[in-house]
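Data from query10.cif: mmCIF, C-alpha atoms
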data_input
loop_
_atom_site.label_atom_id
_atom_site.label_comp_id
_atom_site.auth_asym_id
_atom_site.auth_seq_id
_atom_site.Cartn_x
_atom_site.Cartn_y
_atom_site.Cartn_z
CA MET A 1 -21.50 -15.54 29.84
CA LYS A 2 -19.76 -17.59 32.52
CA TYR A 3 -18.21 -19.59 29.75
CA ILE A 4 -16.78 -16.47 28.11
CA ARG A 5 -15.57 -14.93 31.35
CA LYS A 6 -13.39 -17.96 31.99
CA TYR A 7 -11.23 -16.97 29.03
CA LEU A 8 -11.08 -13.27 29.85
CA LYS A 9 -9.23 -13.71 33.13
CA MET A 10 -6.33 -11.28 33.46
CA ASN A 11 -3.93 -11.14 36.36
CA PHE A 12 -2.50 -8.11 38.13
CA ALA A 13 0.53 -7.85 35.83
CA ASP A 14 -1.69 -7.81 32.73
CA ILE A 15 -3.90 -5.06 34.10
CA LEU A 16 -0.85 -3.03 35.13
CA LEU A 17 0.62 -3.39 31.64
CA THR A 18 -2.64 -2.37 29.96
CA LEU A 19 -3.13 0.60 32.26
CA THR A 20 0.43 1.80 31.62
CA LEU A 21 -0.11 1.60 27.87
CA VAL A 22 -3.45 3.43 28.10
CA LEU A 23 -1.84 6.13 30.23
CA CYS A 24 1.00 6.48 27.69
CA GLY A 25 -1.61 6.86 24.95
CA PHE A 26 -3.53 9.57 26.78
CA ALA A 27 -0.35 11.37 27.84
CA SER A 28 1.00 11.51 24.29
CA LEU A 29 -2.44 12.55 23.01
CA ILE A 30 -2.52 15.47 25.45
CA ILE A 31 1.08 16.48 24.73
CA PHE A 32 0.54 16.40 20.96
CA TYR A 33 -2.69 18.37 21.24
CA LYS A 34 -1.12 21.04 23.45
CA THR A 35 1.86 21.51 21.13
CA SER A 36 -0.03 21.49 17.83
CA ARG A 37 -1.11 24.68 16.10
CA THR A 38 -2.89 25.64 12.92
CA GLY A 39 -0.24 25.20 10.26
CA THR A 40 0.76 27.58 7.50
CA SER A 41 2.54 25.38 4.97
CA LEU A 42 2.38 21.91 3.49
CA VAL A 43 5.68 20.11 3.11
CA ILE A 44 5.90 17.26 0.60
CA ARG A 45 8.60 14.67 1.07
CA GLN A 46 9.58 11.90 -1.32
CA ASN A 47 11.97 9.23 -0.02
CA GLY A 48 12.63 11.43 2.99
CA VAL A 49 13.75 14.42 0.90
CA ILE A 50 11.69 17.60 0.88
CA THR A 51 10.61 18.12 -2.74
CA ALA A 52 8.12 20.96 -2.41
CA THR A 53 6.47 23.35 0.03
CA TYR A 54 3.09 24.98 -0.53
CA PRO A 55 1.27 27.64 1.50
CA LEU A 56 -1.97 26.39 3.05
CA ASN A 57 -3.88 29.66 2.68
CA GLU A 58 -4.11 29.38 -1.12
CA ASP A 59 -6.29 26.73 -2.75
CA ALA A 60 -4.26 24.52 -5.06
CA MET A 61 -4.19 21.22 -6.91
CA ILE A 62 -0.80 19.55 -6.84
CA ASN A 63 -0.04 16.73 -9.24
CA ILE A 64 2.86 14.48 -8.38
CA SER A 65 3.37 12.83 -11.72
CA ASP A 66 6.05 10.26 -10.95
CA ALA A 67 4.01 8.85 -8.05
CA GLY A 68 0.52 9.30 -9.53
CA ASN A 69 -0.83 11.19 -6.51
CA VAL A 70 -2.98 14.31 -6.55
CA ILE A 71 -3.07 16.61 -3.53
CA THR A 72 -5.76 19.25 -3.01
CA ILE A 73 -5.42 22.26 -0.73
CA LYS A 74 -8.74 23.86 0.16
CA ASN A 75 -9.76 26.20 2.98
CA GLY A 76 -6.42 25.81 4.72
CA ALA A 77 -6.57 22.01 4.79
CA ALA A 78 -4.81 19.48 2.58
CA THR A 79 -6.06 16.10 1.37
CA MET A 80 -4.80 13.42 -0.95
CA THR A 81 -7.55 13.18 -3.55
CA GLU A 82 -6.09 10.64 -5.95
CA ALA A 83 -3.49 7.92 -5.82
CA ASP A 84 -2.68 4.86 -7.87
CA CYS A 85 -1.52 2.69 -4.98
CA PRO A 86 -3.47 -0.51 -4.24
CA ASP A 87 -4.64 0.19 -0.67
CA LEU A 88 -5.66 3.89 -0.98
CA ILE A 89 -5.11 4.49 2.72
CA CYS A 90 -3.77 7.97 1.97
CA VAL A 91 -6.91 8.91 0.04
CA ARG A 92 -9.21 7.80 2.87
CA HIS A 93 -7.19 9.80 5.39
CA LYS A 94 -8.98 12.85 6.76
CA SER A 95 -7.75 16.30 5.74
CA ILE A 96 -4.82 17.79 7.63
CA LYS A 97 -4.38 21.37 8.82
CA ARG A 98 -2.71 21.35 12.24
CA THR A 99 1.08 21.21 12.61
CA GLY A 100 2.45 17.72 12.85
CA GLU A 101 -0.49 16.10 11.09
CA THR A 102 0.75 13.85 8.32
CA ILE A 103 -0.60 11.83 5.42
CA VAL A 104 1.66 9.02 4.30
CA CYS A 105 1.59 6.99 1.12
CA LEU A 106 3.85 4.08 2.00
CA PRO A 107 3.92 2.39 -1.43
CA HIS A 108 5.24 5.60 -3.01
CA GLN A 109 7.45 6.69 -0.07
CA LEU A 110 5.53 9.95 -0.10
CA SER A 111 4.58 11.99 2.94
CA LEU A 112 2.68 15.25 3.36
CA SER A 113 3.00 17.13 6.61
CA VAL A 114 1.76 20.46 7.88
CA GLU A 115 4.42 22.68 9.36
CA GLY A 116 4.98 26.16 10.67
CA GLY A 117 2.35 28.24 12.28
CA VAL A 118 1.26 30.55 15.01
CA SER A 119 0.84 28.90 18.37
CA VAL A 120 -2.40 29.28 20.29
CA ASP A 121 -0.59 31.33 22.93
CA ASP A 122 0.79 33.71 20.29
CA ASP A 123 -2.75 34.26 19.03
CA LYS A 124 -3.82 35.24 22.53
CA ILE A 125 -0.97 37.72 22.92
CA ASP A 126 -1.82 39.26 19.57
CA ALA A 127 -5.43 39.56 20.61
CA ILE A 128 -4.48 41.32 23.83
CA VAL A 129 -2.06 43.69 22.04
CA ARG A 130 -4.70 44.55 19.50
CA MET B 1 16.30 -43.23 15.72
CA ILE B 2 12.84 -43.98 14.39
CA LEU B 3 11.40 -42.00 17.28
CA LEU B 4 13.62 -39.03 16.49
CA LYS B 5 12.63 -39.09 12.84
CA ARG B 6 8.98 -39.29 13.74
CA ARG B 7 9.30 -36.30 16.04
CA ASN B 8 11.13 -34.29 13.39
CA SER B 9 8.52 -34.94 10.76
CA GLN B 10 5.83 -34.18 13.31
CA LYS B 11 7.49 -30.83 14.00
CA LEU B 12 7.69 -30.06 10.29
CA THR B 13 4.04 -30.89 9.74
CA MET B 14 2.90 -28.85 12.70
CA CYS B 15 4.99 -25.92 11.49
CA ALA B 16 3.52 -26.17 8.00
CA ASN B 17 0.02 -26.29 9.48
CA PHE B 18 0.60 -23.20 11.57
CA ILE B 19 2.05 -21.29 8.62
CA ALA B 20 -0.89 -22.25 6.43
CA LEU B 21 -3.34 -21.11 9.11
CA ALA B 22 -1.52 -17.80 9.64
CA PHE B 23 -1.45 -17.33 5.86
CA ILE B 24 -5.21 -17.85 5.63
CA PHE B 25 -5.85 -15.41 8.47
CA SER B 26 -3.73 -12.77 6.71
CA TYR B 27 -5.70 -13.39 3.54
CA LEU B 28 -9.00 -12.99 5.40
CA GLU B 29 -7.74 -9.71 6.82
CA SER B 30 -6.82 -8.43 3.36
CA LEU B 31 -10.30 -9.39 2.12
CA PHE B 32 -12.05 -7.23 4.72
CA PRO B 33 -9.93 -4.12 4.98
CA PHE B 34 -10.62 -2.86 8.47
CA SER B 35 -9.17 0.60 8.03
CA LEU B 36 -9.93 3.82 9.86
CA GLY B 37 -7.89 5.81 7.38
CA ILE B 38 -4.85 5.48 9.56
CA PRO B 39 -1.97 3.38 8.26
CA GLY B 40 -1.04 0.55 10.56
CA VAL B 41 -4.44 -0.09 12.15
CA LYS B 42 -5.19 -3.76 11.56
CA LEU B 43 -7.01 -6.52 13.36
CA GLY B 44 -3.91 -8.71 13.48
CA LEU B 45 -5.77 -11.99 13.02
CA ALA B 46 -2.52 -13.72 12.07
CA ASN B 47 -1.24 -12.87 15.53
CA ILE B 48 -3.71 -15.44 16.92
CA ILE B 49 -1.53 -18.12 15.36
CA THR B 50 1.69 -16.54 16.63
CA VAL B 51 0.43 -16.46 20.21
CA TYR B 52 -1.01 -19.94 19.85
CA VAL B 53 2.27 -21.37 18.54
CA LEU B 54 4.22 -19.65 21.31
CA TYR B 55 1.99 -21.15 24.01
CA MET B 56 1.53 -24.61 22.48
CA THR B 57 5.06 -25.42 21.41
CA LYS B 58 6.89 -23.19 23.95
CA ASN B 59 9.56 -23.13 21.26
CA PHE B 60 10.80 -19.66 20.30
CA LYS B 61 12.52 -20.85 17.13
CA THR B 62 9.28 -22.33 15.77
CA THR B 63 7.43 -19.13 16.63
CA PHE B 64 9.87 -16.96 14.70
CA ILE B 65 9.90 -19.35 11.73
CA VAL B 66 6.11 -19.15 11.55
CA ILE B 67 6.19 -15.34 11.76
CA PHE B 68 8.83 -14.86 9.06
CA VAL B 69 7.54 -17.41 6.56
CA ARG B 70 4.05 -15.93 6.92
CA ILE B 71 5.29 -12.39 6.26
CA PHE B 72 7.27 -13.42 3.18
CA LEU B 73 4.38 -15.43 1.76
CA VAL B 74 1.88 -12.64 2.35
CA ALA B 75 4.19 -10.01 0.86
CA PHE B 76 4.83 -12.07 -2.27
CA THR B 77 1.22 -13.08 -2.90
CA PHE B 78 -1.24 -10.36 -1.96
CA GLY B 79 0.75 -7.66 -0.25
CA ASN B 80 3.26 -5.39 -1.87
CA LEU B 81 6.96 -5.73 -1.40
CA SER B 82 7.53 -2.07 -0.61
CA THR B 83 5.55 -2.38 2.61
CA MET B 84 7.07 -5.74 3.60
CA ILE B 85 9.91 -4.04 5.46
CA TYR B 86 7.38 -2.37 7.77
CA SER B 87 5.70 -5.68 8.54
CA ILE B 88 9.07 -7.27 9.26
CA CYS B 89 10.08 -4.51 11.68
CA GLY B 90 6.76 -4.71 13.51
CA ALA B 91 6.87 -8.49 13.61
CA ILE B 92 10.43 -8.67 14.96
CA LEU B 93 9.65 -6.19 17.74
CA SER B 94 6.35 -7.81 18.68
CA GLY B 95 7.83 -11.32 18.47
CA LEU B 96 10.76 -10.43 20.72
CA GLY B 97 8.50 -8.59 23.15
CA MET B 98 6.02 -11.46 23.38
CA VAL B 99 8.77 -14.04 23.89
CA MET B 100 10.34 -11.94 26.63
CA LEU B 101 7.04 -11.35 28.44
CA TYR B 102 6.22 -15.04 28.07
CA LYS B 103 9.58 -15.97 29.60
CA THR B 104 8.99 -13.79 32.66
CA GLY B 105 5.99 -15.99 33.35
CA ILE B 106 3.98 -13.40 35.27
CA PHE B 107 1.70 -12.41 32.38
CA THR B 108 -1.30 -14.35 31.12
CA ILE B 109 -1.86 -15.02 27.44
CA ILE B 110 -4.03 -11.89 27.14
CA GLY B 111 -1.31 -9.63 28.54
CA VAL B 112 1.27 -11.13 26.21
CA SER B 113 -0.92 -10.61 23.16
CA ILE B 114 -1.77 -7.01 24.14
CA ALA B 115 1.96 -6.28 24.37
CA GLY B 116 2.45 -7.98 21.00
CA GLY B 117 -0.26 -5.91 19.33
CA VAL B 118 1.08 -2.63 20.68
CA LEU B 119 4.71 -3.48 19.89
CA HIS B 120 3.79 -4.45 16.33
CA ASN B 121 2.33 -0.99 15.77
CA VAL B 122 5.24 0.75 17.50
CA GLY B 123 7.75 -1.18 15.38
CA GLN B 124 5.94 -0.26 12.18
CA ILE B 125 5.81 3.41 13.06
CA LEU B 126 9.48 3.51 14.08
CA CYS B 127 10.44 1.85 10.81
CA ALA B 128 8.33 4.30 8.80
CA MET B 129 9.90 7.22 10.67
CA LEU B 130 13.37 5.94 9.80
CA ILE B 131 12.65 5.22 6.14
CA LEU B 132 10.54 8.27 5.33
CA GLU B 133 12.59 10.51 7.66
CA THR B 134 9.33 12.12 8.77
CA ASN B 135 9.35 12.64 12.53
CA GLU B 136 5.73 13.83 12.44
CA LEU B 137 4.63 10.21 12.19
CA ILE B 138 4.96 10.00 15.97
CA TYR B 139 1.57 11.74 16.03
CA TYR B 140 0.01 8.42 15.04
CA LEU B 141 1.34 6.84 18.23
CA PRO B 142 -1.71 7.37 20.51
CA VAL B 143 -4.13 5.94 17.94
CA LEU B 144 -1.87 2.97 17.29
CA LEU B 145 -1.43 2.36 21.02
CA PHE B 146 -5.19 2.21 21.60
CA SER B 147 -5.89 0.09 18.53
CA GLY B 148 -3.05 -2.24 19.55
CA ILE B 149 -4.52 -2.69 23.02
CA ILE B 150 -8.04 -3.39 21.75
CA CYS B 151 -6.97 -5.75 18.95
CA GLY B 152 -4.41 -7.44 21.20
CA PHE B 153 -7.11 -8.09 23.77
CA GLY B 154 -9.34 -9.72 21.16
CA VAL B 155 -6.47 -11.80 19.82
CA GLY B 156 -5.53 -12.88 23.34
CA PHE B 157 -9.12 -13.89 24.08
CA ILE B 158 -9.39 -16.06 20.97
CA SER B 159 -6.00 -17.68 21.42
CA ASN B 160 -6.82 -18.31 25.08
CA ILE B 161 -9.87 -20.34 24.02
CA CYS B 162 -7.79 -22.28 21.47
CA VAL B 163 -4.86 -22.97 23.79
CA THR B 164 -6.96 -23.99 26.80
CA ASN B 165 -9.18 -26.40 24.89
CA LEU B 166 -6.61 -27.82 22.49
CA LYS B 167 -4.14 -28.41 25.32
CA LYS B 168 -6.81 -30.51 27.03
CA PHE B 169 -7.28 -32.45 23.80
CA TYR B 170 -3.58 -33.06 23.25
CA ASN B 171 -2.98 -33.98 26.88
CA SER B 172 -5.77 -36.55 26.78
CA LYS B 173 -4.17 -38.15 23.71
CA GLU B 174 -0.67 -37.68 25.06
CA ASN B 175 0.67 -36.40 21.79
CA LEU B 176 1.41 -32.76 22.52
CA PRO B 177 3.64 -31.48 19.74
CA SER B 178 6.81 -29.86 20.96
#
File written out as structure tokens:
Amino acid sequence: MKYIRKYLKMNFADILLTLTLVLCGFASLIIFYKTSRTGTSLVIRQNGVITATYPLNEDAMINISDAGNVITIKNGAATMTEADCPDLICVRHKSIKRTGETIVCLPHQLSLSVEGGVSVDDDKIDAIVR
Amino acid sequence: MILLKRRNSQKLTMCANFIALAFIFSYLESLFPFSLGIPGVKLGLANIITVYVLYMTKNFKTTFIVIFVRIFLVAFTFGNLSTMIYSICGAILSGLGMVMLYKTGIFTIIGVSIAGGVLHNVGQILCAMLILETNELIYYLPVLLFSGIICGFGVGFISNICVTNLKKFYNSKENLPS
């Protein structure tokens, strides 16, 4: 243990740097969580250009033939169910339903993102009005 | 003249050794895909070599040569070319950041490698945002920050062991490569 600890020595500057980065991480996490809402539509982009938009409240199977990807919308959440890229990172990605959440398939320059939606605060106002 | 030639060939051999090692580490990483379903999260084993080269040779040109040759080799053999641009962006940012932090001289090897790990992820995400024109990718930032810190810490720990012990070895033989 003593032997290992010798190589784990960090000085003040290191700890300051790490703490700053951790704080940045938590701050952005909180900001993103506060600003995200349950989305209403799925936007599909290929090479940075929006090619299609689908509503999230209807179940659907979307086949993108020129990229070989299949997208499934179920219960208001979207997932990439099939892809012919080598790493399959997009297929292993968890389903997305909140605004800003994105699935990217880098080899095919394809990105799915959830957009639009009622903010949590709006929901509350509605509830009070009702 | 003979001395100069010997030093040049020594440099070349050391460089080739480092590149081969970095190449093998990248290969190992591609064999065991450590993926949490988030693009960009990697162990960064090849970064051990980058940090090691930076601290052993103290030569920034050598460090960048090792980084670039490794990326090209990996992309042409077992990566795919379409994602090479992301690796290059991440590597340039992390390389520049590590060299700058190293030059300030107030950080230890662990701090430098943590900064390198985080900057690599940040560079990749910025590049992806530019190419895919999807600003929502910034939502990956927190995850990539944390994974960069953890992996950078591990990388720094391992390269610290290598640098400390191998420096002792080279100093005792008085043939530290530069």
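In chain A, the set of residues within 6 Å of chain B (atoms considered: only C-alpha atoms) is Ala13, Asp14, Gly25, Leu29, Asn47, Gly48, Ile89, Arg92, His93, Gly100 and Pro107 of chain A.
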*Could you please give me, as a PyMOL selection string, the residues of protein, DNA or RNA lying at most 12 Å from (9.4, -11.1, 24.0) in the coordinate frame of the file, considering all atoms listed in the file?*
chain B and resi 50-51+54+60+63-64+91-105+107+111-117+119-120
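When you apply the PyMOL selection byres ((chain A and resi 84) around 6) to this structure, what comes back is Gly68, Ala83 and Cys85 of chain A.
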*Any idea what the distance is between CA of Thr57 in chain B and CA of Ser87 in chain B?*
23.6 Å
_Ile44 in chain A surroundings by all atoms listed in the file, 10 Å radius, close-in-sequence under 3 positions cut, as a PyMOL selection string_ = chain A and resi 41+48-54+64+71+102-104+110-114
Residue subset to file, keeping C-alpha atoms, as a PDB file, in the frame of the given file:
ATOM      1  CA  SER A  41       2.540  25.380   4.970  1.00  0.00           C
ATOM      2  CA  GLY A  48      12.630  11.430   2.990  1.00  0.00           C
ATOM      3  CA  VAL A  49      13.750  14.420   0.900  1.00  0.00           C
ATOM      4  CA  ILE A  50      11.690  17.600   0.880  1.00  0.00           C
ATOM      5  CA  THR A  51      10.610  18.120  -2.740  1.00  0.00           C
ATOM      6  CA  ALA A  52       8.120  20.960  -2.410  1.00  0.00           C
ATOM      7  CA  THR A  53       6.470  23.350   0.030  1.00  0.00           C
ATOM      8  CA  TYR A  54       3.090  24.980  -0.530  1.00  0.00           C
ATOM      9  CA  ILE A  64       2.860  14.480  -8.380  1.00  0.00           C
ATOM     10  CA  ILE A  71      -3.070  16.610  -3.530  1.00  0.00           C
ATOM     11  CA  THR A 102       0.750  13.850   8.320  1.00  0.00           C
ATOM     12  CA  ILE A 103      -0.600  11.830   5.420  1.00  0.00           C
ATOM     13  CA  VAL A 104       1.660   9.020   4.300  1.00  0.00           C
ATOM     14  CA  LEU A 110       5.530   9.950  -0.100  1.00  0.00           C
ATOM     15  CA  SER A 111       4.580  11.990   2.940  1.00  0.00           C
ATOM     16  CA  LEU A 112       2.680  15.250   3.360  1.00  0.00           C
ATOM     17  CA  SER A 113       3.000  17.130   6.610  1.00  0.00           C
ATOM     18  CA  VAL A 114       1.760  20.460   7.880  1.00  0.00           C
TER      19      VAL A 114
END
Expected file content for range 14-34 of chain A, N, CA, C and O atoms, as an mmCIF file, in the first residue's frame:
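Here's the written file result.cif:
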data_model
loop_
_atom_site.group_PDB
_atom_site.id
_atom_site.type_symbol
_atom_site.label_atom_id
_atom_site.label_comp_id
_atom_site.auth_asym_id
_atom_site.auth_seq_id
_atom_site.Cartn_x
_atom_site.Cartn_y
_atom_site.Cartn_z
ATOM 1 N N ASP A 14 -2.688 20.169 -8.758
ATOM 2 C CA ASP A 14 -3.418 19.024 -9.322
ATOM 3 C C ASP A 14 -4.808 18.925 -8.727
ATOM 4 O O ASP A 14 -5.791 18.738 -9.434
ATOM 5 N N ILE A 15 -4.859 19.018 -7.392
ATOM 6 C CA ILE A 15 -6.139 18.847 -6.696
ATOM 7 C C ILE A 15 -7.089 19.975 -7.083
ATOM 8 O O ILE A 15 -8.273 19.748 -7.335
ATOM 9 N N LEU A 16 -6.533 21.190 -7.194
ATOM 10 C CA LEU A 16 -7.346 22.338 -7.607
ATOM 11 C C LEU A 16 -7.923 22.106 -8.995
ATOM 12 O O LEU A 16 -9.108 22.321 -9.250
ATOM 13 N N LEU A 17 -7.084 21.633 -9.904
ATOM 14 C CA LEU A 17 -7.514 21.363 -11.287
ATOM 15 C C LEU A 17 -8.635 20.326 -11.308
ATOM 16 O O LEU A 17 -9.672 20.516 -11.937
ATOM 17 N N THR A 18 -8.424 19.226 -10.566
ATOM 18 C CA THR A 18 -9.415 18.153 -10.540
ATOM 19 C C THR A 18 -10.734 18.645 -9.951
ATOM 20 O O THR A 18 -11.806 18.372 -10.494
ATOM 21 N N LEU A 19 -10.630 19.391 -8.850
ATOM 22 C CA LEU A 19 -11.850 19.892 -8.217
ATOM 23 C C LEU A 19 -12.611 20.818 -9.158
ATOM 24 O O LEU A 19 -13.834 20.743 -9.252
ATOM 25 N N THR A 20 -11.875 21.689 -9.869
ATOM 26 C CA THR A 20 -12.530 22.595 -10.824
ATOM 27 C C THR A 20 -13.276 21.802 -11.880
ATOM 28 O O THR A 20 -14.424 22.103 -12.212
ATOM 29 N N LEU A 21 -12.617 20.760 -12.405
ATOM 30 C CA LEU A 21 -13.250 19.958 -13.456
ATOM 31 C C LEU A 21 -14.485 19.245 -12.926
ATOM 32 O O LEU A 21 -15.524 19.198 -13.592
ATOM 33 N N VAL A 22 -14.383 18.696 -11.698
ATOM 34 C CA VAL A 22 -15.529 18.003 -11.100
ATOM 35 C C VAL A 22 -16.686 18.970 -10.903
ATOM 36 O O VAL A 22 -17.842 18.667 -11.208
ATOM 37 N N LEU A 23 -16.358 20.182 -10.414
ATOM 38 C CA LEU A 23 -17.390 21.201 -10.218
ATOM 39 C C LEU A 23 -18.059 21.553 -11.541
ATOM 40 O O LEU A 23 -19.288 21.646 -11.613
ATOM 41 N N CYS A 24 -17.247 21.739 -12.600
ATOM 42 C CA CYS A 24 -17.788 22.023 -13.933
ATOM 43 C C CYS A 24 -18.763 20.917 -14.333
ATOM 44 O O CYS A 24 -19.854 21.193 -14.835
ATOM 45 N N GLY A 25 -18.363 19.667 -14.109
ATOM 46 C CA GLY A 25 -19.201 18.533 -14.463
ATOM 47 C C GLY A 25 -20.531 18.590 -13.749
ATOM 48 O O GLY A 25 -21.587 18.482 -14.376
ATOM 49 N N PHE A 26 -20.486 18.802 -12.429
ATOM 50 C CA PHE A 26 -21.728 18.832 -11.658
ATOM 51 C C PHE A 26 -22.587 20.023 -12.061
ATOM 52 O O PHE A 26 -23.808 19.897 -12.207
ATOM 53 N N ALA A 27 -21.945 21.182 -12.277
ATOM 54 C CA ALA A 27 -22.690 22.380 -12.641
ATOM 55 C C ALA A 27 -23.424 22.161 -13.960
ATOM 56 O O ALA A 27 -24.622 22.438 -14.067
ATOM 57 N N SER A 28 -22.717 21.613 -14.964
ATOM 58 C CA SER A 28 -23.370 21.411 -16.257
ATOM 59 C C SER A 28 -24.469 20.360 -16.144
ATOM 60 O O SER A 28 -25.517 20.481 -16.772
ATOM 61 N N LEU A 29 -24.215 19.340 -15.293
ATOM 62 C CA LEU A 29 -25.232 18.298 -15.085
ATOM 63 C C LEU A 29 -26.511 18.918 -14.536
ATOM 64 O O LEU A 29 -27.619 18.641 -15.013
ATOM 65 N N ILE A 30 -26.351 19.791 -13.532
ATOM 66 C CA ILE A 30 -27.522 20.420 -12.906
ATOM 67 C C ILE A 30 -28.234 21.336 -13.909
ATOM 68 O O ILE A 30 -29.457 21.284 -14.055
ATOM 69 N N ILE A 31 -27.427 22.131 -14.643
ATOM 70 C CA ILE A 31 -28.029 23.055 -15.609
ATOM 71 C C ILE A 31 -28.817 22.286 -16.668
ATOM 72 O O ILE A 31 -29.962 22.602 -16.979
ATOM 73 N N PHE A 32 -28.207 21.217 -17.207
ATOM 74 C CA PHE A 32 -28.872 20.444 -18.252
ATOM 75 C C PHE A 32 -30.134 19.798 -17.721
ATOM 76 O O PHE A 32 -31.147 19.733 -18.398
ATOM 77 N N TYR A 33 -30.080 19.318 -16.452
ATOM 78 C CA TYR A 33 -31.250 18.642 -15.918
ATOM 79 C C TYR A 33 -32.395 19.630 -15.708
ATOM 80 O O TYR A 33 -33.548 19.332 -15.996
ATOM 81 N N LYS A 34 -32.043 20.828 -15.208
ATOM 82 C CA LYS A 34 -33.071 21.847 -14.947
ATOM 83 C C LYS A 34 -33.744 22.298 -16.256
ATOM 84 O O LYS A 34 -34.929 22.605 -16.271
#
